[in-house]
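One file, structure.cif, is given below (mmCIF, C-alpha atoms and all ligand atoms).
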```cif
data_start
loop_
_atom_site.label_atom_id
_atom_site.label_comp_id
_atom_site.auth_asym_id
_atom_site.auth_seq_id
_atom_site.Cartn_x
_atom_site.Cartn_y
_atom_site.Cartn_z
CA MET E 1 -133.80 -137.89 109.27
CA LYS E 2 -131.20 -140.01 107.65
CA LEU E 3 -130.40 -143.29 109.27
CA ASP E 4 -126.98 -144.54 108.54
CA ALA E 5 -126.42 -148.22 109.08
CA THR E 6 -122.75 -148.15 108.18
CA ASP E 7 -122.31 -145.78 111.06
CA LEU E 8 -123.80 -148.40 113.33
CA ARG E 9 -120.78 -150.58 112.99
CA TYR E 10 -118.21 -147.84 113.38
CA ILE E 11 -118.72 -146.35 116.78
CA THR E 12 -115.89 -146.82 119.24
CA SER E 13 -116.65 -148.64 122.45
CA GLU E 14 -115.87 -145.45 124.37
CA GLU E 15 -118.31 -143.43 122.29
CA PHE E 16 -120.92 -146.08 122.88
CA ARG E 17 -120.27 -145.95 126.59
CA VAL E 18 -120.75 -142.20 126.72
CA LEU E 19 -123.86 -142.32 124.56
CA THR E 20 -125.35 -144.95 126.84
CA ALA E 21 -124.43 -142.82 129.84
CA VAL E 22 -126.42 -139.93 128.38
CA GLU E 23 -129.38 -142.25 127.87
CA MET E 24 -129.19 -143.53 131.43
CA GLY E 25 -128.84 -140.03 132.80
CA SER E 26 -131.90 -138.84 130.94
CA LYS E 27 -134.13 -141.12 132.98
CA ASN E 28 -133.91 -138.55 135.74
CA HIS E 29 -132.66 -135.44 134.00
CA GLU E 30 -134.07 -133.61 131.06
CA VAL E 31 -130.62 -132.19 130.50
CA VAL E 32 -127.98 -134.56 131.81
CA PRO E 33 -125.26 -132.60 133.60
CA THR E 34 -121.86 -133.23 132.09
CA PRO E 35 -120.30 -134.34 135.41
CA LEU E 36 -122.99 -137.00 135.71
CA ILE E 37 -122.19 -138.30 132.22
CA VAL E 38 -118.54 -138.43 133.23
CA GLN E 39 -119.46 -140.32 136.36
CA ILE E 40 -121.76 -142.85 134.68
CA SER E 41 -119.42 -143.58 131.80
CA SER E 42 -116.43 -143.77 134.15
CA LEU E 43 -113.89 -142.64 131.59
CA ARG E 44 -111.32 -139.90 132.08
CA ASN E 45 -112.92 -136.46 132.28
CA GLY E 46 -111.14 -134.86 129.33
CA GLY E 47 -111.86 -137.92 127.26
CA VAL E 48 -115.56 -137.70 127.90
CA ASN E 49 -115.78 -134.06 126.84
CA LYS E 50 -114.08 -134.81 123.57
CA ILE E 51 -116.31 -137.78 122.91
CA LEU E 52 -119.41 -135.75 123.74
CA GLY E 53 -118.24 -133.24 121.19
CA SER E 54 -117.94 -135.86 118.49
CA LEU E 55 -121.29 -137.41 119.40
CA ALA E 56 -122.87 -133.95 119.18
CA LYS E 57 -121.33 -133.44 115.76
CA ARG E 58 -123.04 -136.60 114.61
CA ASN E 59 -126.31 -135.41 116.15
CA LEU E 60 -126.55 -138.27 118.57
CA VAL E 61 -126.59 -135.93 121.54
CA ALA E 62 -127.23 -132.21 121.76
CA LYS E 63 -125.48 -129.75 124.01
CA VAL E 64 -127.84 -127.70 126.13
CA GLN E 65 -126.83 -124.61 128.00
CA ASN E 66 -129.10 -124.08 130.89
CA SER E 67 -129.45 -121.21 133.28
CA LYS E 68 -128.19 -123.48 136.01
CA TYR E 69 -125.83 -125.92 134.37
CA ASP E 70 -124.51 -127.22 131.07
CA GLY E 71 -125.29 -130.66 129.91
CA TYR E 72 -126.42 -132.88 127.10
CA ARG E 73 -129.53 -134.67 126.07
CA LEU E 74 -130.07 -137.63 123.86
CA THR E 75 -131.55 -136.70 120.46
CA TYR E 76 -134.04 -138.72 118.41
CA GLY E 77 -131.00 -139.60 116.34
CA GLY E 78 -129.13 -140.90 119.36
CA TYR E 79 -132.07 -142.94 120.49
CA ASP E 80 -132.55 -144.35 116.98
CA TYR E 81 -128.90 -145.19 116.93
CA LEU E 82 -129.00 -147.12 120.19
CA ALA E 83 -132.08 -149.06 119.13
CA MET E 84 -130.73 -149.94 115.72
CA ARG E 85 -127.42 -150.92 117.17
CA ALA E 86 -129.19 -153.31 119.53
CA LEU E 87 -131.14 -154.82 116.63
CA SER E 88 -128.03 -155.19 114.53
CA LYS E 89 -126.03 -156.70 117.42
CA ARG E 90 -128.74 -159.33 117.71
CA ASP E 91 -128.44 -159.96 113.97
CA SER E 92 -132.07 -159.03 113.49
CA MET E 93 -131.19 -156.42 110.90
CA TYR E 94 -128.13 -155.57 108.89
CA SER E 95 -128.76 -152.61 106.60
CA VAL E 96 -131.12 -149.67 106.33
CA GLY E 97 -132.74 -148.71 103.06
CA ASN E 98 -135.27 -146.10 102.05
CA GLN E 99 -137.76 -144.38 104.22
CA ILE E 100 -141.23 -145.37 103.03
CA GLY E 101 -143.38 -143.47 105.43
CA VAL E 102 -143.58 -140.52 107.76
CA GLY E 103 -146.59 -140.99 109.94
CA LYS E 104 -147.86 -138.63 112.52
CA GLU E 105 -146.17 -140.69 115.15
CA SER E 106 -143.69 -142.87 113.35
CA ASP E 107 -141.03 -143.12 110.70
CA ILE E 108 -141.00 -146.23 108.54
CA TYR E 109 -137.93 -147.63 106.81
CA ILE E 110 -137.21 -150.58 104.61
CA VAL E 111 -134.34 -152.54 106.14
CA ALA E 112 -132.74 -155.89 105.42
CA ASP E 113 -131.11 -158.76 107.24
CA SER E 114 -127.66 -160.02 106.29
CA GLU E 115 -129.15 -162.16 103.53
CA GLY E 116 -130.88 -159.19 101.97
CA ASN E 117 -134.40 -160.14 103.04
CA GLU E 118 -136.52 -157.02 103.26
CA MET E 119 -138.25 -156.02 106.45
CA VAL E 120 -139.90 -152.91 107.82
CA LEU E 121 -138.51 -150.88 110.70
CA LYS E 122 -141.02 -148.68 112.48
CA LEU E 123 -139.57 -146.01 114.74
CA HIS E 124 -142.17 -144.67 117.10
CA ARG E 125 -142.14 -140.91 117.52
CA LEU E 126 -144.48 -139.92 120.25
CA GLY E 127 -144.02 -136.44 121.53
CA ARG E 128 -143.63 -135.01 118.07
CA VAL E 129 -147.09 -133.48 118.00
CA SER E 130 -147.62 -130.44 120.19
CA PHE E 131 -145.87 -132.06 123.07
CA ARG E 132 -145.27 -128.92 125.03
CA ALA E 133 -148.90 -127.93 125.14
CA ILE E 134 -149.91 -131.36 126.32
CA LYS E 135 -147.27 -131.48 128.95
CA SER E 136 -148.31 -128.22 130.45
CA LYS E 137 -151.85 -129.51 130.86
CA ARG E 138 -151.30 -132.90 132.33
CA ASP E 139 -148.98 -134.17 134.87
CA TYR E 140 -149.58 -137.89 134.56
CA LEU E 141 -145.98 -138.61 133.76
CA GLY E 142 -144.93 -137.97 137.31
CA LYS E 143 -141.27 -138.61 137.89
CA ARG E 144 -140.74 -139.88 134.38
CA LYS E 145 -141.46 -136.48 132.96
CA SER E 146 -137.87 -135.83 132.06
CA ALA E 147 -137.64 -138.68 129.61
CA SER E 148 -141.14 -138.36 128.30
CA TRP E 149 -140.73 -138.46 124.54
CA MET E 150 -138.36 -141.39 124.79
CA TYR E 151 -140.53 -143.07 127.36
CA MET E 152 -143.80 -142.63 125.47
CA SER E 153 -142.24 -143.75 122.20
CA ARG E 154 -140.86 -146.84 123.85
CA LEU E 155 -144.17 -147.68 125.51
CA SER E 156 -145.92 -147.30 122.20
CA ALA E 157 -143.46 -149.67 120.50
CA GLN E 158 -143.73 -152.19 123.31
CA LYS E 159 -147.48 -152.14 123.12
CA GLU E 160 -147.53 -152.52 119.36
CA TRP E 161 -145.07 -155.38 119.63
CA ALA E 162 -147.13 -157.20 122.27
CA PHE E 163 -150.28 -156.96 120.17
CA MET E 164 -148.64 -157.81 116.88
CA LYS E 165 -147.14 -160.94 118.37
CA VAL E 166 -150.33 -162.19 119.91
CA LEU E 167 -152.39 -161.39 116.81
CA HIS E 168 -149.87 -163.07 114.54
CA GLU E 169 -149.75 -166.16 116.75
CA HIS E 170 -153.53 -166.40 116.55
CA GLY E 171 -153.70 -166.21 112.81
CA PHE E 172 -154.85 -162.63 112.29
CA PRO E 173 -153.72 -161.00 109.04
CA VAL E 174 -150.97 -158.78 110.48
CA PRO E 175 -147.25 -158.38 109.66
CA ARG E 176 -144.84 -160.96 111.04
CA PRO E 177 -143.21 -159.55 114.17
CA VAL E 178 -139.42 -159.92 114.00
CA ASP E 179 -137.87 -157.98 116.88
CA GLN E 180 -138.32 -154.99 119.14
CA ALA E 181 -135.84 -152.64 120.80
CA ARG E 182 -136.46 -149.38 122.63
CA HIS E 183 -138.89 -147.38 120.44
CA CYS E 184 -138.50 -149.61 117.38
CA ILE E 185 -140.31 -152.53 115.89
CA LEU E 186 -138.97 -154.77 113.20
CA MET E 187 -141.58 -156.62 111.14
CA GLY E 188 -142.12 -158.43 107.90
CA PHE E 189 -142.49 -156.34 104.76
CA ILE E 190 -145.99 -156.44 103.32
CA ASP E 191 -146.11 -156.14 99.56
CA ALA E 192 -149.26 -154.11 99.45
CA TYR E 193 -150.76 -150.66 99.13
CA PRO E 194 -152.90 -148.88 101.67
CA LEU E 195 -156.64 -149.16 101.07
CA ARG E 196 -156.47 -145.39 100.85
CA GLN E 197 -154.89 -145.75 97.41
CA VAL E 198 -157.54 -148.04 96.01
CA SER E 199 -159.84 -146.03 93.78
CA GLU E 200 -161.92 -148.85 92.34
CA LEU E 201 -162.92 -152.36 93.33
CA PRO E 202 -164.69 -154.98 91.22
CA SER E 203 -166.85 -155.96 94.17
CA PRO E 204 -166.55 -153.63 97.12
CA GLY E 205 -169.08 -155.70 99.04
CA LYS E 206 -166.62 -158.55 99.32
CA LEU E 207 -163.86 -156.49 100.91
CA TYR E 208 -166.43 -154.69 103.05
CA SER E 209 -167.61 -158.00 104.52
CA THR E 210 -164.08 -159.25 105.02
CA LEU E 211 -163.23 -156.09 106.98
CA MET E 212 -166.40 -156.19 109.06
CA ASP E 213 -165.75 -159.88 109.78
CA LEU E 214 -162.30 -158.90 110.94
CA ILE E 215 -163.69 -156.30 113.33
CA VAL E 216 -166.02 -158.97 114.71
CA ARG E 217 -163.22 -161.49 114.98
CA PHE E 218 -161.09 -158.99 116.87
CA ALA E 219 -163.94 -158.24 119.25
CA ARG E 220 -164.75 -161.88 119.88
CA SER E 221 -161.14 -162.32 120.85
CA GLY E 222 -161.48 -159.42 123.27
CA LEU E 223 -159.91 -156.71 121.13
CA ILE E 224 -160.74 -153.52 119.27
CA HIS E 225 -158.24 -152.10 116.81
CA GLY E 226 -159.11 -148.50 117.61
CA ASP E 227 -157.76 -146.99 114.39
CA PHE E 228 -159.26 -149.27 111.78
CA ASN E 229 -159.15 -147.01 108.75
CA GLU E 230 -158.01 -146.88 105.13
CA PHE E 231 -154.46 -145.96 106.17
CA ASN E 232 -154.00 -148.93 108.45
CA ILE E 233 -155.47 -151.53 106.14
CA LEU E 234 -153.04 -152.70 103.49
CA ILE E 235 -154.28 -154.54 100.42
CA LEU E 236 -151.97 -157.31 99.27
CA ARG E 237 -150.81 -156.77 95.72
CA GLU E 238 -151.19 -160.43 94.85
CA SER E 239 -154.42 -161.55 96.41
CA GLY E 240 -156.26 -158.33 97.22
CA GLU E 241 -156.69 -159.58 100.77
CA PRO E 242 -156.36 -157.07 103.61
CA VAL E 243 -153.56 -156.94 106.18
CA VAL E 244 -154.03 -154.83 109.28
CA ILE E 245 -151.22 -152.72 110.77
CA ASP E 246 -150.66 -150.08 113.45
CA PHE E 247 -151.60 -151.29 116.94
CA PRO E 248 -150.50 -148.74 119.55
CA GLN E 249 -154.09 -147.68 120.21
CA MET E 250 -155.72 -151.11 120.50
CA VAL E 251 -158.09 -151.54 123.41
CA SER E 252 -159.72 -154.42 125.17
CA THR E 253 -163.44 -155.07 124.75
CA SER E 254 -163.63 -154.66 128.51
CA HIS E 255 -162.42 -151.07 128.22
CA ILE E 256 -164.92 -148.62 129.64
CA ASN E 257 -165.37 -146.96 126.23
CA ALA E 258 -165.15 -150.19 124.25
CA GLU E 259 -168.47 -149.72 122.50
CA TRP E 260 -167.50 -146.25 121.35
CA TYR E 261 -164.17 -147.49 119.92
CA PHE E 262 -165.90 -150.42 118.28
CA ASN E 263 -168.50 -148.20 116.65
CA ARG E 264 -165.87 -145.79 115.46
CA ASP E 265 -163.95 -148.59 113.71
CA VAL E 266 -167.15 -149.80 112.07
CA GLU E 267 -168.10 -146.26 111.04
CA CYS E 268 -164.67 -145.62 109.53
CA ILE E 269 -165.16 -148.50 107.13
CA ARG E 270 -168.77 -147.63 106.34
CA THR E 271 -167.91 -144.01 105.62
CA PHE E 272 -164.90 -144.88 103.51
CA PHE E 273 -166.85 -147.39 101.40
CA ARG E 274 -169.72 -144.98 100.97
CA ARG E 275 -167.51 -142.13 99.83
CA ARG E 276 -164.94 -143.97 97.83
CA PHE E 277 -166.94 -146.80 96.25
CA ARG E 278 -170.49 -145.53 96.71
CA TYR E 279 -171.11 -148.73 98.54
CA GLU E 280 -173.57 -148.93 101.38
CA SER E 281 -174.88 -151.89 103.27
CA ALA E 282 -177.56 -152.31 105.88
CA PHE E 283 -175.37 -154.94 107.48
CA TYR E 284 -172.76 -153.93 109.91
CA PRO E 285 -171.77 -155.34 113.28
CA ARG E 286 -173.13 -154.00 116.57
CA PHE E 287 -171.03 -154.18 119.67
CA ARG E 288 -173.59 -155.70 122.01
CA THR E 289 -174.74 -158.41 119.66
CA THR E 290 -171.16 -159.22 118.78
CA MET E 291 -170.23 -159.55 122.42
CA LYS E 292 -173.33 -161.57 123.25
CA GLU E 293 -172.51 -164.09 120.59
CA GLY E 294 -169.27 -164.69 122.40
CA ASN E 295 -166.15 -166.34 121.19
CA GLU E 296 -167.63 -169.35 119.43
CA ASP E 297 -165.98 -168.73 116.08
CA GLY E 298 -162.65 -167.84 117.60
CA ASP E 299 -160.06 -170.18 119.01
CA GLY E 300 -161.34 -169.60 122.52
CA PHE E 301 -158.58 -167.22 123.55
CA GLN E 302 -159.30 -163.84 125.05
CA LEU E 303 -156.40 -162.01 123.51
CA ASP E 304 -156.71 -158.94 125.69
CA VAL E 305 -155.93 -161.25 128.58
CA VAL E 306 -153.12 -162.93 126.65
CA VAL E 307 -151.53 -159.55 125.92
CA ALA E 308 -151.89 -158.49 129.53
CA ALA E 309 -150.01 -161.63 130.49
CA SER E 310 -147.32 -161.03 127.89
CA GLY E 311 -145.47 -158.47 129.95
CA PHE E 312 -147.01 -155.26 128.68
CA LYS E 313 -148.24 -153.88 131.95
CA LYS E 314 -151.67 -152.46 132.60
CA SER E 315 -150.13 -149.38 134.18
CA ASP E 316 -148.08 -148.76 131.02
CA GLN E 317 -151.19 -149.20 128.95
CA LYS E 318 -152.91 -146.57 131.05
CA ILE E 319 -150.10 -144.04 130.74
CA LEU E 320 -150.05 -144.48 126.99
CA GLU E 321 -153.80 -144.19 126.72
CA GLU E 322 -153.88 -140.95 128.66
CA TYR E 323 -151.14 -139.54 126.53
CA MET E 324 -152.95 -140.47 123.34
CA GLU E 325 -156.16 -138.96 124.61
CA ALA E 326 -154.33 -135.76 125.48
CA VAL E 327 -152.85 -135.62 121.98
CA ARG E 328 -156.26 -136.09 120.44
CA GLU E 329 -157.75 -133.34 122.57
CA GLN E 330 -154.89 -131.07 121.68
CA GLU E 331 -155.27 -131.78 118.00
CA GLY E 332 -158.97 -131.09 118.26
CA GLU E 333 -158.21 -127.70 119.77
CA ASP E 334 -155.58 -126.88 117.15
CA GLN E 335 -158.05 -127.89 114.46
CA ASP E 336 -160.74 -125.62 115.88
CA GLU E 337 -158.33 -122.74 116.01
CA SER E 338 -157.09 -123.10 112.47
CA GLU E 339 -160.63 -123.57 111.19
CA SER E 340 -161.87 -120.41 112.78
CA GLU E 341 -158.83 -118.57 111.46
CA GLU E 342 -159.42 -119.76 107.94
CA ASP E 343 -162.99 -118.59 108.28
CA GLY E 344 -165.53 -120.04 105.96
CA SER E 345 -163.37 -122.86 104.70
CA GLU E 346 -165.23 -125.47 102.68
CA ASP E 347 -166.57 -128.55 104.27
CA GLU E 348 -163.86 -131.03 103.45
CA GLU E 349 -166.14 -134.05 103.56
CA ASP E 350 -165.81 -135.34 100.05
CA GLU E 351 -162.87 -133.41 98.75
CA ASP E 352 -160.49 -136.30 98.34
CA GLU E 353 -162.62 -138.92 96.77
CA GLU E 354 -162.66 -138.14 93.09
CA ASP E 355 -159.07 -138.20 92.07
CA GLY E 356 -156.32 -140.23 93.57
CA LYS E 357 -153.71 -137.53 93.54
CA ASP E 358 -153.50 -137.20 97.26
CA VAL E 359 -152.97 -140.84 97.85
CA GLU E 360 -149.21 -140.86 97.76
CA GLU E 361 -149.11 -139.32 101.15
CA HIS E 362 -150.57 -141.15 104.03
CA ASN E 363 -149.98 -138.36 106.46
CA GLU E 364 -152.05 -135.60 105.01
CA ASP E 365 -154.22 -135.70 108.06
CA VAL E 366 -151.33 -134.26 110.03
CA PRO E 367 -152.27 -130.74 110.95
CA GLU E 368 -150.09 -128.12 109.34
CA ASN E 369 -148.50 -127.11 112.61
CA ALA E 370 -147.63 -130.72 113.37
CA LYS E 371 -145.78 -130.96 110.08
CA GLU E 372 -143.72 -128.02 111.18
CA ASP E 373 -143.09 -129.82 114.42
CA VAL E 374 -141.74 -132.73 112.46
CA SER E 375 -139.21 -130.75 110.50
CA GLN E 376 -138.25 -128.86 113.57
CA ALA E 377 -137.74 -132.06 115.47
CA ASN E 378 -135.41 -133.19 112.74
CA VAL E 379 -133.35 -130.08 112.93
CA ASP E 380 -132.97 -129.26 116.54
CA GLU E 381 -134.27 -132.50 117.99
CA SER E 382 -135.91 -130.73 120.84
CA PRO E 383 -139.42 -131.91 121.53
CA GLU E 384 -139.01 -130.78 125.08
CA GLU E 385 -138.30 -127.62 126.89
CA SER E 386 -135.33 -127.66 129.20
CA THR E 387 -136.05 -127.53 132.86
CA PRO E 388 -134.05 -125.65 135.40
P1 LIG W 401 -148.37 -144.72 111.90
O1 LIG W 401 -148.54 -145.15 113.31
O2 LIG W 401 -147.42 -143.58 111.78
O3 LIG W 401 -149.66 -144.50 111.19
P2 LIG W 401 -148.19 -147.24 110.45
O4 LIG W 401 -147.82 -148.45 111.22
O5 LIG W 401 -149.64 -147.07 110.15
O6 LIG W 401 -147.62 -145.94 111.18
O7 LIG W 401 -147.37 -147.23 109.11
C1 LIG W 401 -147.36 -146.11 108.23
C2 LIG W 401 -147.29 -146.55 106.78
O8 LIG W 401 -146.11 -147.31 106.53
C3 LIG W 401 -148.43 -147.45 106.38
O9 LIG W 401 -149.54 -146.74 105.93
C4 LIG W 401 -147.82 -148.30 105.28
O10 LIG W 401 -147.91 -147.63 104.04
C5 LIG W 401 -146.37 -148.40 105.67
N1 LIG W 401 -146.12 -149.67 106.38
C6 LIG W 401 -146.15 -149.86 107.72
N2 LIG W 401 -145.85 -151.14 108.05
C7 LIG W 401 -145.62 -151.77 106.89
C8 LIG W 401 -145.26 -153.13 106.55
N3 LIG W 401 -145.07 -154.06 107.50
N4 LIG W 401 -145.09 -153.43 105.25
C9 LIG W 401 -145.26 -152.48 104.29
N5 LIG W 401 -145.61 -151.21 104.54
C10 LIG W 401 -145.78 -150.84 105.82
MG MG W 402 -151.12 -145.76 110.64
#
```
Would you kindly transcribe this structure into structure tokens?
Amino acid sequence: MKLDATDLRYITSEEFRVLTAVEMGSKNHEVVPTPLIVQISSLRNGGVNKILGSLAKRNLVAKVQNSKYDGYRLTYGGYDYLAMRALSKRDSMYSVGNQIGVGKESDIYIVADSEGNEMVLKLHRLGRVSFRAIKSKRDYLGKRKSASWMYMSRLSAQKEWAFMKVLHEHGFPVPRPVDQARHCILMGFIDAYPLRQVSELPSPGKLYSTLMDLIVRFARSGLIHGDFNEFNILILRESGEPVVIDFPQMVSTSHINAEWYFNRDVECIRTFFRRRFRYESAFYPRFRTTMKEGNEDGDGFQLDVVVAASGFKKSDQKILEEYMEAVREQEGEDQDESESEEDGSEDEEDEDEEDGKDVEEHNEDVPENAKEDVSQANVDESPEESTP
């Protein structure tokens, strides 16, 4: 999806009013009835219809004809627009450059402030992967159901923001948090490449220890990254030091499955080093020992507690967690299905390690059907079914 920053500055105040009305209306309506948009925006009726038409032409809203009523819903594009407009109004960002990543659940752009300093804009895109299937299984969204993709994407961004800030303040190697709005995060640009792209290292043991130390340091501060893998570890071009990104799935060490998450992070690194660099070590951190040793090396802060106090609510955390679990389950099922269809497909264990030709993409772990979802979402912007 193309983001157009010039457009950001040329929306009339009436158009903005109507767009905002659609956003407000979608808190309670999957398809916002046109009369409600008219009412919320409090402009003349005819005027609103015309403006809705022009917003729809620019793909900021989409017209939906329902069995019961006609209305509009906000598109990804419209939501992006509102978020970027907020960031640009606050002078946090000025222009949008190239897209540098399409993750499973995000789009990443290079952007700049008015002085041309480069930053990274991450737009969270929850609800892109098999959302319908998940929704039919779980009803944890309750009343918020109607705005679920927007709501989940925003929660994810808020969580990532809360963690990035706290980690940055406490000296962890993470990007500098700049600003957050709706489902977007603005952060410092890291001149680096993902560990995924590194095919050789002079001394793998050194990086291995640094990464394991980082896992331990996280845990002693009360945190587990939860997705500590070669995609989310960037290697600085200059120093070769690692920078960690991607925090929507972080958990506290007091989480009921903390040990499992901790072990999975540790195993990710061990497996990657074994396959990619043929490096194996008998030394790796264990959750219980790490926790027993306490926070002596740290600065004494329990960051899970600090984050909890930062305004990212426990209840929000829980909603997000359940959603992410549901996605994982769903993906597992899709995977099983496609594997049994393919019948006798090779074990893909080591397939990617020899050559680096797959490294350009960091999203090749997206299941095929999810990729389709992505392109579909870009075209018709409809991650959700309409409700009566
Ligand atoms: P996702 O949640 O979709 O995995 P990530 O936060 O991991 O999103 O970012 C996806 C990719 O975008 C990363 O692998 C990295 O290549 C790039 N990226 C993300 N943040 C930055 C940054 N601050 N600086 C440079 N590149 C980044
Ligand atoms: Mg990632």
Exercise. Throw together the list of residues within 6 Å of ligand MG 402 (chain W), counting only C-alpha atoms and all ligand atoms, and drop it here as JSON, numbers by chain.
Key: {"E": [231, 232, 246]}
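All residues, whether protein, DNA or RNA, that have an atom at most 7 Å from ligand LIG 401 (chain W) (counting all atoms listed in the file) are E:Ile100, E:Gly101, E:Val102, E:Gly103, E:Lys104, E:Glu105, E:Ser106, E:Asp107, E:Ile108, E:Val120, E:Lys122, E:Pro175, E:Met187, E:Gly188, E:Phe189, E:Ile190, E:Asp191, E:Ala192, E:Tyr193, E:Pro194, E:Phe231, E:Asn232, E:Ile245, E:Asp246, E:His362.
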Emit the selected residues as a compact mmCIF listing (two decimals), in the coordinates of the input, including C-alpha atoms.
```txt
# COMPACT_ATOMS: atom_id res chain seq x y z
CA ILE E 100 -141.23 -145.37 103.03
CA GLY E 101 -143.38 -143.47 105.43
CA VAL E 102 -143.58 -140.52 107.76
CA GLY E 103 -146.59 -140.99 109.94
CA LYS E 104 -147.86 -138.63 112.52
CA GLU E 105 -146.17 -140.69 115.15
CA SER E 106 -143.69 -142.87 113.35
CA ASP E 107 -141.03 -143.12 110.70
CA ILE E 108 -141.00 -146.23 108.54
CA VAL E 120 -139.90 -152.91 107.82
CA LYS E 122 -141.02 -148.68 112.48
CA PRO E 175 -147.25 -158.38 109.66
CA MET E 187 -141.58 -156.62 111.14
CA GLY E 188 -142.12 -158.43 107.90
CA PHE E 189 -142.49 -156.34 104.76
CA ILE E 190 -145.99 -156.44 103.32
CA ASP E 191 -146.11 -156.14 99.56
CA ALA E 192 -149.26 -154.11 99.45
CA TYR E 193 -150.76 -150.66 99.13
CA PRO E 194 -152.90 -148.88 101.67
CA PHE E 231 -154.46 -145.96 106.17
CA ASN E 232 -154.00 -148.93 108.45
CA ILE E 245 -151.22 -152.72 110.77
CA ASP E 246 -150.66 -150.08 113.45
CA HIS E 362 -150.57 -141.15 104.03
```
Exercise. Could you tell me how far atom CA of E:Thr271 lies from atom CA of E:Pro173, in Å and to one decimal?
Key: 22.4 Å
How big is the axis-aligned box around all listed atoms of stretch 81-99 of chain E once 3 Å goes on each side, and where's its centre, in Å to one decimal, as AutoDock Vina command-line options?
```
--center_x -131.9 --center_y -152.2 --center_z 111.1 --size_x 17.7 --size_y 21.6 --size_z 24.1
```
Quiz item: Do you have the atom CA of E:Asp91-atom CA of E:Val178 distance handy?
Solution: 11.0 Å
